[in-house]
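Below: the structure, in structure tokens.
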Protein chains: 2
Amino acid sequence: MISESMYQLGAKRSCIRELFEYGLRQAAIVGQENVFDFSIGNPSIPSPPEVGEAIFSLLRERDSLSIHGYTPAPGAPEARAAVAEDLNARFHAGIRAENIFLTCGAAPALVAAMRALAVEGAEIVSIAPYFPEYRPFAEANGCKFVVVPPDTERFQIRLDELEKRLTPHTQAVIVNSPNNPSGVIYTRESLTALAEVLRRKSRELGHPIYILADEPYRELVYDGAEVPFLPALYPDTVVCYSWSKSLSLPGERIGYVCVPDGAEDSAKLFAAIAGAARTLGHVCAPSLQQLTAGLCAAVRPDLEAYDRNRLTLYEALTSCGYECPRPTGAFYLFVKAPGGDAQAFSDRAKRENLLVVPGGDFGCPDFFRVSTCVPYDRILRSLPVFQMLRKEYA
Amino acid sequence: MISESMYQLGAKRSCIRELFEYGLRQAAIVGQENVFDFSIGNPSIPSPPEVGEAIFSLLRERDSLSIHGYTPAPGAPEARAAVAEDLNARFHAGIRAENIFLTCGAAPALVAAMRALAVEGAEIVSIAPYFPEYRPFAEANGCKFVVVPPDTERFQIRLDELEKRLTPHTQAVIVNSPNNPSGVIYTRESLTALAEVLRRKSRELGHPIYILADEPYRELVYDGAEVPFLPALYPDTVVCYSWSKSLSLPGERIGYVCVPDGAEDSAKLFAAIAGAARTLGHVCAPSLQQLTAGLCAAVRPDLEAYDRNRLTLYEALTSCGYECPRPTGAFYLFVKAPGGDAQAFSDRAKRENLLVVPGGDFGCPDFFRVSTCVPYDRILRSLPVFQMLRKEYA
């Protein structure tokens with residue numbers, strides 16, 4: 001007998017994936033250059049040259065067993081040390097190699113952290129708009145998924161709504177900044193206020209409410225914006241990171257969980273995350289990628305192409321009447337749907353081979369997401385379609 | 001609050017890992033060459049040269065985004081096709097690319113398959129001796145773990161004992177052959193008889209009892225022994241494979257689940273495994289490793305070194321009075337503990353810097369495991385220690 005819930009999760013394609021595959025089918029009919037596919041958040045710039053150089057040098061200079069062999073479950077010591085060193089250089093973070101647990105990307109990092117906190121009745125709070133996979137991650141791993149409604153003006157955090165949703169069962173709040181899908185960065189002010197609420201509530205409850213900081217977009221920041229290092233504002237923070245976007249390595253599945261010493265019960269939480277990872281079938285993160293990420297821990301991406309895409313789309317869309325928070329991070333725009341129904345707008349746009357993701361699954365059904373990691377010429381040629389649609393809804 | 005069960009799983013080091021780390025500490029004191037560490041099943045031969053060549057050619061000939069980008073969740077189409085083609089060439093298996101789901105090694109493949117079958121009350125049956133991680137994989141993912149006692153003579157399957165343990169809740173039987181820790185291969189006769197029992201029981205119960213064939217050691221076979229392809233004997237078989245041992249890539253986390261068309265509810269089961277993988281945080285298997293495994297799907301390891309180690313240890317140990325089934329697969333010997341208590345023997349051996357794993361965690365407390373993937377000279381120099389201990393217990 002087959003688990004019905006697992007079957008449903010496997011059989012139901014995500015809305016993003018469905019649009020993406022529709023785009024591929026349409027491309028075969030009308031030509032790839034005529035499909036304006038803004039559905040998927042797949043890096044469109046190559047990895048920095050240091051990545052390829054690191055892989056080549058590892059393969060040339062080290063023997064097969066030391067590159068491809070098992071590492072300890074939390075990762076190769078030199079890679080963990082390199083991550084800690086980079087965090088300390090940037091944030092004076094006081095992180096030790098022993099606080100870092102390398103994972104197959106941010107997704108299993110988050111799942112392991114949730115499982116480590118999945119005591120009876122556990123609740124995980126997420127702030128809309130949010131990455132849709134948070135829901136199955138929580139619900140299939142023993143946690144109730146609680147949603148804070150979005151601030152559709154500034155896309156910061158509605159603290160009053162958040163506080164209403166904190167209960168004695170609240171174990172963690174997921175903070176994803178720069179945010180997917182909004183592209184907005186939570187300000188230092190927002191995060192300080194959040195920390196205040198959580199600190200007070202944790203005291204009241206007698207146990208910490210952890211922040212799970214999901215930070216795959218940490219390095220994708222524009223206009224010189226600041227992404228505060230959360231453990232410095234709120235010690236009970238577990239950072240989940242991935243090199244998918246920063247080094248354009250999304251397929252390579254390499255990321256980490258960082259449990260700083262300052263987090264309450266830090267050593268026990270780290271061990272529970274290790275135990276949880278074990279139950280997910282984690283043995284170690286892919287070793288060549290571990291070593292590569294270690295060698296490239298201080299490498300930052302060249303964001304020029306994303307920045308140009310972002311500004312071009314943002315300016316073109318807002319100047320013809322779309323409403324959209326100015327994104328200063330990640331590679332998305334989150335746009336208010338003309339007509340108010342993003343699903344209807346997405347369906348209509350699809351008929352013009354313009355693929356945008358309606359915000360329902362992000363907890364924000366009036367908005368649609370536009371990925372800006374798309375070839376620049378395709379963006380330019382899509383603009384008349386955006387304009388035409390805007391007029392149609394005027 | 002932290003999950004106590006996850007904490008326990010993370011804090012309790014496995015007996016193997018503990019011995020291995022003891023060995024490292026001792027090596028720092030007495031010198032690496034004086035520690036006879038037979039604890040860990042870590043491949044000791046380098047990857048076949050085709051592996052490095054494949055990685056180099058991928059990096060040289062393909063662009064960054066196509067190597068390092070997301071693949072579909074079940075894997076890169078060319079890699080899935082290469083696996084299917086290789087299975088068909090060897091076993092006339094009728095496998096399609098669409099039956100293959102690439103994973104981060106065999107561990108998450110098994111966990112995903114168990115989760116896909118984790119209906120209310122689900123039971124997973126394992127035949128002792130068994131790989132100790134099966135237990136947390138099952139128990140932490142919604143299944144009861146049921147153990148069939150070992151056949152300590154031939155290390156085949158005690159079918160009477162197995163049948164007694166099949167209940168209306170039995171969802172799957174794990175078959176691990178070549179076996180870790182015994183090094184024994186289940187004969188075609190054993191597997192045919194097992195298939196008979198399971199077929200009859202499945203009919204009685206009105207639902208299939210699947211075999212989960214855990215096959216990381218499939219290619220590590222000596223003396224021309226046969227490893228029957230289980231789906232040909234019993235269609236309701238899900239194969240979990242890893243290239244960890246066959247290509248000496250244990251750190252790289254690349255393997256697959258294969259759900260053949262002949263398995264009952266094949267499409268639904270495949271979808272449920274995909275859904276389960278999603279809840280584990282699987283996005284795709286590491287892409288460079290997928291492409292490498294695809295290019296090397298027909299590459300087999302050079303087993304000469306393992307074979308020499310195996311024969312040397314087997315002959316030396318049995319000729320001085322140890323009892324041990326002759327291993328024809330994997331890279332282990334499973335030896336009856338002189339004195340009858342493998343834990344006591346392992347503790348005693350440890351005082352001579354000889355590290356062997358007591359069989360308790362494998363469900364076989366009278367035996368200890370000796371990994372044969374150890375440098376040959378170290379094996380030779382360990383033989384007098386084995387002999388001395390044997391005499392001591394005589």
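All residue names refer to the structure tokens as shown: chains lettered A, B, ... in order, residues numbered from 1 in each chain, ligands numbered from 1 in order.
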* To do: Residues of chain A no more than 7 Å from chain B, counting only C-alpha atoms: send them over as an MDAnalysis selection string.
  => chainID A and resid 1:3 6:7 9:11 46:47 64:65 68:71 107:108 111 116:119 136:137 140 171 207 249:253 268:269 271:272 274:276 279:282 284 286:288
* To do: May I have the residues within 7 Å of Asp361 of chain A as a VMD selection string, using only C-alpha atoms and disregarding those fewer than 2 positions away in the same chain?
  => chain A and resid 132 359 363
Give the superposed chain B as a short mmCIF file (atom, residue, chain, number, x, y, z; two decimals) with C-alpha atoms, in the first residue's frame, the fit being least squares on chain A over all ordered C-alpha pairs.
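What ended up in out.cif:
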```cif
data_model
loop_
_atom_site.label_atom_id
_atom_site.label_comp_id
_atom_site.auth_asym_id
_atom_site.auth_seq_id
_atom_site.Cartn_x
_atom_site.Cartn_y
_atom_site.Cartn_z
CA MET B 1 -0.03 0.09 -0.06
CA ILE B 2 1.28 3.47 -1.02
CA SER B 3 1.19 6.53 1.18
CA GLU B 4 -1.49 8.80 -0.20
CA SER B 5 0.09 11.96 1.15
CA MET B 6 3.47 11.17 -0.40
CA TYR B 7 1.77 10.28 -3.66
CA GLN B 8 -0.07 13.60 -3.68
CA LEU B 9 3.16 15.48 -3.07
CA GLY B 10 4.83 13.64 -5.91
CA ALA B 11 1.95 13.73 -8.37
CA LYS B 12 0.95 17.34 -7.90
CA ARG B 13 3.35 19.42 -9.90
CA SER B 14 4.11 22.77 -8.38
CA CYS B 15 2.61 25.70 -10.19
CA ILE B 16 6.13 26.94 -11.01
CA ARG B 17 7.22 23.62 -12.43
CA GLU B 18 4.02 23.33 -14.46
CA LEU B 19 4.53 26.72 -16.06
CA PHE B 20 8.18 25.94 -16.72
CA GLU B 21 7.29 22.71 -18.48
CA TYR B 22 4.55 24.43 -20.44
CA GLY B 23 7.21 26.88 -21.53
CA LEU B 24 9.43 24.08 -22.80
CA ARG B 25 6.56 22.61 -24.79
CA GLN B 26 5.65 25.98 -26.26
CA ALA B 27 9.29 26.64 -27.13
CA ALA B 28 9.25 23.54 -29.30
CA ILE B 29 6.30 25.01 -31.19
CA VAL B 30 6.94 28.75 -31.44
CA GLY B 31 10.71 28.84 -30.84
CA GLN B 32 12.56 29.35 -27.56
CA GLU B 33 13.14 33.03 -28.29
CA ASN B 34 9.40 33.63 -28.43
CA VAL B 35 8.59 32.21 -25.03
CA PHE B 36 9.02 34.77 -22.26
CA ASP B 37 9.55 32.38 -19.41
CA PHE B 38 9.84 34.22 -16.11
CA SER B 39 8.75 31.19 -14.08
CA ILE B 40 11.88 29.62 -12.63
CA GLY B 41 14.52 30.97 -10.26
CA ASN B 42 17.39 29.23 -11.98
CA PRO B 43 20.63 31.24 -12.00
CA SER B 44 21.36 32.53 -15.49
CA ILE B 45 24.93 33.67 -14.97
CA PRO B 46 27.76 31.15 -15.05
CA SER B 47 29.64 30.19 -11.91
CA PRO B 48 32.51 32.54 -11.06
CA PRO B 49 35.73 31.29 -12.71
CA GLU B 50 37.15 30.41 -9.28
CA VAL B 51 34.69 27.52 -9.09
CA GLY B 52 35.96 25.72 -12.17
CA GLU B 53 39.53 26.46 -11.15
CA ALA B 54 38.92 25.00 -7.71
CA ILE B 55 37.47 21.79 -9.16
CA PHE B 56 40.36 21.42 -11.61
CA SER B 57 42.97 22.01 -8.94
CA LEU B 58 41.34 19.53 -6.57
CA LEU B 59 41.24 16.86 -9.25
CA ARG B 60 44.83 17.52 -10.26
CA GLU B 61 46.41 17.90 -6.86
CA ARG B 62 44.63 15.52 -4.57
CA ASP B 63 44.18 11.79 -4.76
CA SER B 64 40.89 10.17 -5.62
CA LEU B 65 40.14 8.85 -2.14
CA SER B 66 40.64 12.19 -0.43
CA ILE B 67 38.39 13.99 -2.94
CA HIS B 68 35.66 11.41 -3.40
CA GLY B 69 35.76 9.56 -0.06
CA TYR B 70 33.31 9.91 2.79
CA THR B 71 33.77 13.01 4.86
CA PRO B 72 32.50 13.15 8.44
CA ALA B 73 28.72 13.68 8.43
CA PRO B 74 29.00 17.42 9.23
CA GLY B 75 31.53 17.91 6.47
CA ALA B 76 35.21 18.11 5.61
CA PRO B 77 37.02 19.97 8.41
CA GLU B 78 38.77 22.39 6.01
CA ALA B 79 35.48 23.33 4.32
CA ARG B 80 33.72 23.92 7.64
CA ALA B 81 36.66 26.03 8.81
CA ALA B 82 36.62 28.10 5.60
CA VAL B 83 32.92 28.86 6.01
CA ALA B 84 33.40 29.91 9.63
CA GLU B 85 36.35 32.09 8.70
CA ASP B 86 34.40 33.84 5.95
CA LEU B 87 31.43 34.50 8.25
CA ASN B 88 33.74 35.89 10.91
CA ALA B 89 35.57 38.10 8.44
CA ARG B 90 32.28 39.62 7.29
CA PHE B 91 30.18 39.68 10.45
CA HIS B 92 32.58 39.26 13.39
CA ALA B 93 30.28 36.36 14.05
CA GLY B 94 32.33 34.26 16.46
CA ILE B 95 31.48 31.13 14.45
CA ARG B 96 33.63 28.03 14.90
CA ALA B 97 34.04 25.28 12.30
CA GLU B 98 32.15 23.05 14.74
CA ASN B 99 29.03 25.22 14.34
CA ILE B 100 28.79 24.39 10.64
CA PHE B 101 27.03 21.30 9.28
CA LEU B 102 27.34 20.99 5.50
CA THR B 103 24.23 19.73 3.72
CA CYS B 104 22.94 18.93 0.22
CA GLY B 105 21.69 22.51 -0.17
CA ALA B 106 19.41 24.70 1.92
CA ALA B 107 16.33 22.49 1.50
CA PRO B 108 17.57 19.52 3.56
CA ALA B 109 19.20 22.01 5.94
CA LEU B 110 15.77 23.47 6.67
CA VAL B 111 14.13 20.05 6.87
CA ALA B 112 16.76 18.81 9.32
CA ALA B 113 16.33 21.92 11.47
CA MET B 114 12.55 21.50 11.47
CA ARG B 115 12.81 17.81 12.35
CA ALA B 116 15.20 18.68 15.18
CA LEU B 117 12.47 20.92 16.60
CA ALA B 118 9.53 18.62 15.81
CA VAL B 119 8.41 17.91 19.35
CA GLU B 120 4.76 16.98 19.94
CA GLY B 121 2.54 19.74 18.54
CA ALA B 122 5.41 21.81 17.13
CA GLU B 123 4.48 24.85 15.07
CA ILE B 124 6.65 26.59 12.49
CA VAL B 125 5.70 30.14 11.57
CA SER B 126 6.28 31.52 8.10
CA ILE B 127 5.81 35.08 6.92
CA ALA B 128 3.92 35.54 3.63
CA PRO B 129 4.99 35.78 0.93
CA TYR B 130 7.10 32.65 1.42
CA PHE B 131 8.80 29.91 -0.58
CA PRO B 132 6.03 27.31 -1.18
CA GLU B 133 8.16 24.29 -0.24
CA TYR B 134 8.26 25.43 3.40
CA ARG B 135 4.78 24.01 3.79
CA PRO B 136 5.52 20.38 2.80
CA PHE B 137 8.87 20.58 4.60
CA ALA B 138 7.06 21.42 7.84
CA GLU B 139 3.90 19.38 7.46
CA ALA B 140 5.61 16.17 6.36
CA ASN B 141 8.13 16.42 9.17
CA GLY B 142 5.96 16.66 12.21
CA CYS B 143 5.26 20.39 12.36
CA LYS B 144 2.16 22.50 11.92
CA PHE B 145 2.70 25.26 9.35
CA VAL B 146 1.44 28.67 10.47
CA VAL B 147 1.27 31.63 8.08
CA VAL B 148 1.57 35.31 8.94
CA PRO B 149 -0.34 37.37 6.34
CA PRO B 150 1.74 39.60 4.09
CA ASP B 151 2.47 43.29 4.35
CA THR B 152 1.52 44.01 0.75
CA GLU B 153 2.71 47.59 0.96
CA ARG B 154 6.34 47.32 1.99
CA PHE B 155 6.72 43.53 2.18
CA GLN B 156 8.25 43.82 5.63
CA ILE B 157 6.83 41.90 8.64
CA ARG B 158 3.40 42.47 10.19
CA LEU B 159 4.54 42.04 13.74
CA ASP B 160 1.07 42.35 15.24
CA GLU B 161 -0.16 39.53 13.04
CA LEU B 162 2.95 37.50 13.77
CA GLU B 163 2.63 37.91 17.52
CA LYS B 164 -1.00 36.75 17.40
CA ARG B 165 0.21 33.49 15.92
CA LEU B 166 2.85 32.69 18.53
CA THR B 167 1.64 29.93 20.84
CA PRO B 168 3.22 27.70 23.47
CA HIS B 169 3.87 25.30 20.57
CA THR B 170 5.78 27.77 18.41
CA GLN B 171 9.22 26.36 17.83
CA ALA B 172 10.58 28.58 15.09
CA VAL B 173 9.93 31.44 12.71
CA ILE B 174 11.35 31.17 9.20
CA VAL B 175 12.97 34.40 8.01
CA ASN B 176 13.85 34.47 4.33
CA SER B 177 15.64 37.66 3.38
CA PRO B 178 16.41 38.64 0.65
CA ASN B 179 12.97 37.24 0.09
CA ASN B 180 11.70 34.82 -2.49
CA PRO B 181 9.32 35.86 -4.07
CA SER B 182 9.32 39.57 -3.23
CA GLY B 183 12.99 40.42 -3.76
CA VAL B 184 12.67 42.63 -0.68
CA ILE B 185 15.23 42.64 2.13
CA TYR B 186 13.91 42.89 5.67
CA THR B 187 15.39 46.06 7.15
CA ARG B 188 17.52 46.12 10.26
CA GLU B 189 14.62 47.96 11.90
CA SER B 190 12.15 45.18 11.00
CA LEU B 191 14.46 42.47 12.23
CA THR B 192 15.28 44.28 15.45
CA ALA B 193 11.58 44.64 16.19
CA LEU B 194 11.03 40.96 15.33
CA ALA B 195 13.87 39.98 17.67
CA GLU B 196 12.28 42.05 20.42
CA VAL B 197 8.95 40.25 20.08
CA LEU B 198 10.53 36.82 19.92
CA ARG B 199 12.77 37.52 22.90
CA ARG B 200 9.82 38.61 24.98
CA LYS B 201 7.68 35.68 23.87
CA SER B 202 10.47 33.17 24.44
CA ARG B 203 10.82 34.47 28.00
CA GLU B 204 7.07 34.19 28.53
CA LEU B 205 6.95 30.66 27.17
CA GLY B 206 10.05 29.52 28.99
CA HIS B 207 11.63 28.08 25.85
CA PRO B 208 13.33 29.71 22.89
CA ILE B 209 11.52 30.44 19.66
CA TYR B 210 14.29 29.96 17.15
CA ILE B 211 14.66 31.89 13.93
CA LEU B 212 15.40 29.69 10.94
CA ALA B 213 17.18 32.13 8.64
CA ASP B 214 16.86 30.75 5.11
CA GLU B 215 19.56 32.67 3.26
CA PRO B 216 20.21 31.33 -0.25
CA TYR B 217 19.96 34.89 -1.57
CA ARG B 218 22.29 36.52 1.00
CA GLU B 219 24.88 37.49 -1.63
CA LEU B 220 22.37 38.69 -4.25
CA VAL B 221 21.99 42.28 -3.10
CA TYR B 222 21.79 45.53 -5.08
CA ASP B 223 21.90 49.28 -4.44
CA GLY B 224 24.35 48.60 -1.57
CA ALA B 225 21.51 47.32 0.61
CA GLU B 226 22.32 45.70 3.95
CA VAL B 227 21.35 42.13 4.89
CA PRO B 228 21.81 42.08 8.68
CA PHE B 229 23.44 38.94 10.09
CA LEU B 230 20.60 37.59 12.16
CA PRO B 231 22.52 35.78 14.92
CA ALA B 232 23.99 39.17 15.87
CA LEU B 233 20.47 40.57 16.38
CA TYR B 234 18.87 37.46 17.79
CA PRO B 235 21.19 34.77 19.15
CA ASP B 236 18.62 31.96 18.90
CA THR B 237 19.06 31.89 15.15
CA VAL B 238 19.93 28.91 12.99
CA VAL B 239 21.24 29.93 9.57
CA CYS B 240 20.45 27.75 6.55
CA TYR B 241 22.58 28.64 3.57
CA SER B 242 23.13 27.42 0.03
CA TRP B 243 25.70 28.21 -2.65
CA SER B 244 23.03 27.57 -5.30
CA LYS B 245 22.55 31.21 -6.18
CA SER B 246 25.76 32.87 -5.02
CA LEU B 247 28.03 30.53 -7.01
CA SER B 248 25.40 29.50 -9.61
CA LEU B 249 25.57 25.89 -8.42
CA PRO B 250 21.90 25.05 -7.86
CA GLY B 251 22.19 21.52 -9.21
CA GLU B 252 25.24 20.71 -7.11
CA ARG B 253 23.39 20.60 -3.80
CA ILE B 254 25.78 22.23 -1.43
CA GLY B 255 24.83 24.35 1.55
CA TYR B 256 25.00 24.33 5.33
CA VAL B 257 23.27 24.78 8.65
CA CYS B 258 25.03 27.03 11.12
CA VAL B 259 24.09 26.78 14.80
CA PRO B 260 26.03 29.56 16.54
CA ASP B 261 27.29 29.03 20.08
CA GLY B 262 25.03 31.85 21.24
CA ALA B 263 21.85 29.93 20.42
CA GLU B 264 20.18 28.39 23.44
CA ASP B 265 21.05 24.72 23.84
CA SER B 266 23.39 25.16 20.89
CA ALA B 267 25.26 21.89 21.26
CA LYS B 268 22.10 19.89 21.78
CA LEU B 269 20.40 21.54 18.84
CA PHE B 270 23.40 20.86 16.61
CA ALA B 271 23.34 17.20 17.65
CA ALA B 272 19.59 17.00 17.00
CA ILE B 273 20.08 18.47 13.53
CA ALA B 274 22.79 15.87 12.91
CA GLY B 275 20.41 13.16 14.11
CA ALA B 276 17.61 14.51 11.94
CA ALA B 277 19.90 14.63 8.92
CA ARG B 278 20.75 10.99 9.54
CA THR B 279 17.05 10.08 9.39
CA LEU B 280 16.81 11.87 6.04
CA GLY B 281 19.54 9.63 4.64
CA HIS B 282 22.23 12.31 4.87
CA VAL B 283 25.66 10.69 4.94
CA CYS B 284 27.64 13.77 3.97
CA ALA B 285 27.22 16.59 1.47
CA PRO B 286 28.81 15.79 -1.91
CA SER B 287 32.51 15.80 -1.15
CA LEU B 288 33.84 17.49 -4.28
CA GLN B 289 31.32 20.29 -3.80
CA GLN B 290 32.25 20.58 -0.12
CA LEU B 291 35.89 21.06 -0.99
CA THR B 292 35.03 23.45 -3.83
CA ALA B 293 32.75 25.55 -1.62
CA GLY B 294 35.49 25.61 1.00
CA LEU B 295 38.01 26.93 -1.52
CA CYS B 296 35.44 29.47 -2.78
CA ALA B 297 33.96 30.50 0.57
CA ALA B 298 35.10 34.09 0.06
CA VAL B 299 34.16 34.31 -3.64
CA ARG B 300 31.22 36.60 -4.48
CA PRO B 301 29.20 36.61 -7.68
CA ASP B 302 29.36 39.29 -10.35
CA LEU B 303 25.83 40.65 -10.16
CA GLU B 304 25.96 43.05 -13.09
CA ALA B 305 23.67 41.01 -15.32
CA TYR B 306 21.07 40.40 -12.63
CA ASP B 307 21.17 44.04 -11.68
CA ARG B 308 20.57 45.20 -15.24
CA ASN B 309 17.69 42.73 -15.61
CA ARG B 310 16.20 43.87 -12.34
CA LEU B 311 16.35 47.58 -13.15
CA THR B 312 15.14 47.13 -16.70
CA LEU B 313 12.11 45.11 -15.65
CA TYR B 314 11.35 47.19 -12.60
CA GLU B 315 11.49 50.47 -14.49
CA ALA B 316 9.57 49.24 -17.50
CA LEU B 317 6.83 47.61 -15.47
CA THR B 318 6.30 50.41 -12.98
CA SER B 319 6.43 53.06 -15.70
CA CYS B 320 3.51 51.46 -17.53
CA GLY B 321 1.40 51.22 -14.39
CA TYR B 322 2.27 47.94 -12.65
CA GLU B 323 2.73 48.18 -8.89
CA CYS B 324 5.69 46.39 -7.42
CA PRO B 325 7.94 46.82 -4.38
CA ARG B 326 11.43 47.80 -5.47
CA PRO B 327 13.50 44.65 -5.09
CA THR B 328 16.97 45.11 -3.63
CA GLY B 329 17.82 41.44 -3.39
CA ALA B 330 17.42 37.99 -4.98
CA PHE B 331 16.29 37.86 -8.60
CA TYR B 332 12.57 38.39 -8.50
CA LEU B 333 9.96 41.07 -8.90
CA PHE B 334 6.66 40.60 -7.10
CA VAL B 335 4.01 42.47 -8.99
CA LYS B 336 0.44 43.35 -8.07
CA ALA B 337 -1.85 41.64 -10.56
CA PRO B 338 -3.87 44.07 -12.67
CA GLY B 339 -7.46 43.06 -12.07
CA GLY B 340 -6.57 41.72 -8.62
CA ASP B 341 -6.49 38.01 -9.45
CA ALA B 342 -2.96 36.82 -10.15
CA GLN B 343 -4.10 33.39 -11.29
CA ALA B 344 -6.33 34.97 -13.94
CA PHE B 345 -3.57 37.33 -14.99
CA SER B 346 -1.06 34.49 -15.26
CA ASP B 347 -3.50 32.47 -17.37
CA ARG B 348 -4.09 35.44 -19.63
CA ALA B 349 -0.36 36.15 -19.98
CA LYS B 350 0.27 32.50 -20.81
CA ARG B 351 -1.78 32.94 -23.97
CA GLU B 352 0.90 35.45 -25.05
CA ASN B 353 3.66 32.99 -24.13
CA LEU B 354 4.51 35.19 -21.16
CA LEU B 355 4.96 32.99 -18.11
CA VAL B 356 4.70 34.52 -14.64
CA VAL B 357 3.91 32.69 -11.40
CA PRO B 358 0.68 33.55 -9.59
CA GLY B 359 1.29 34.22 -5.90
CA GLY B 360 -1.27 31.86 -4.35
CA ASP B 361 1.32 29.25 -3.37
CA PHE B 362 3.46 32.03 -1.89
CA GLY B 363 0.58 33.05 0.39
CA CYS B 364 -0.13 36.18 -1.64
CA PRO B 365 -2.78 35.55 -4.30
CA ASP B 366 -2.97 39.15 -5.58
CA PHE B 367 0.61 39.22 -6.77
CA PHE B 368 2.64 37.39 -9.38
CA ARG B 369 6.34 36.59 -9.40
CA VAL B 370 8.66 37.50 -12.25
CA SER B 371 12.09 35.86 -12.19
CA THR B 372 14.70 38.22 -13.52
CA CYS B 373 17.31 35.54 -14.25
CA VAL B 374 16.40 35.51 -17.93
CA PRO B 375 18.50 36.49 -20.97
CA TYR B 376 18.49 40.26 -21.37
CA ASP B 377 17.29 40.33 -24.98
CA ARG B 378 14.34 38.15 -23.99
CA ILE B 379 13.49 40.65 -21.27
CA LEU B 380 13.59 43.51 -23.76
CA ARG B 381 11.34 41.71 -26.18
CA SER B 382 8.88 40.81 -23.41
CA LEU B 383 8.26 44.43 -22.46
CA PRO B 384 5.66 45.18 -25.13
CA VAL B 385 3.71 42.13 -23.98
CA PHE B 386 3.72 43.35 -20.40
CA GLN B 387 2.61 46.78 -21.63
CA MET B 388 -0.15 45.38 -23.81
CA LEU B 389 -1.53 43.33 -20.91
CA ARG B 390 -1.40 46.29 -18.57
CA LYS B 391 -3.47 48.32 -21.02
CA GLU B 392 -5.93 45.52 -21.45
CA TYR B 393 -6.64 45.59 -17.70
CA ALA B 394 -6.72 49.40 -17.46
#
```
* Could you give me the residues within segment 108-322 of chain A that DSSP places in strand (DSSP E or B), as a ChimeraX atom specification? => /A:123-127,144-148,170-175,210-214,221,237-242,255-258
* Would you list, as a PyMOL selection string, the residues of segment 136-325 of chain A that end up in alpha helix (DSSP H) under DSSP run on this structure's backbone? => chain A and resi 136-139+159-164+188-205+230-233+266-279+287-295+304-319
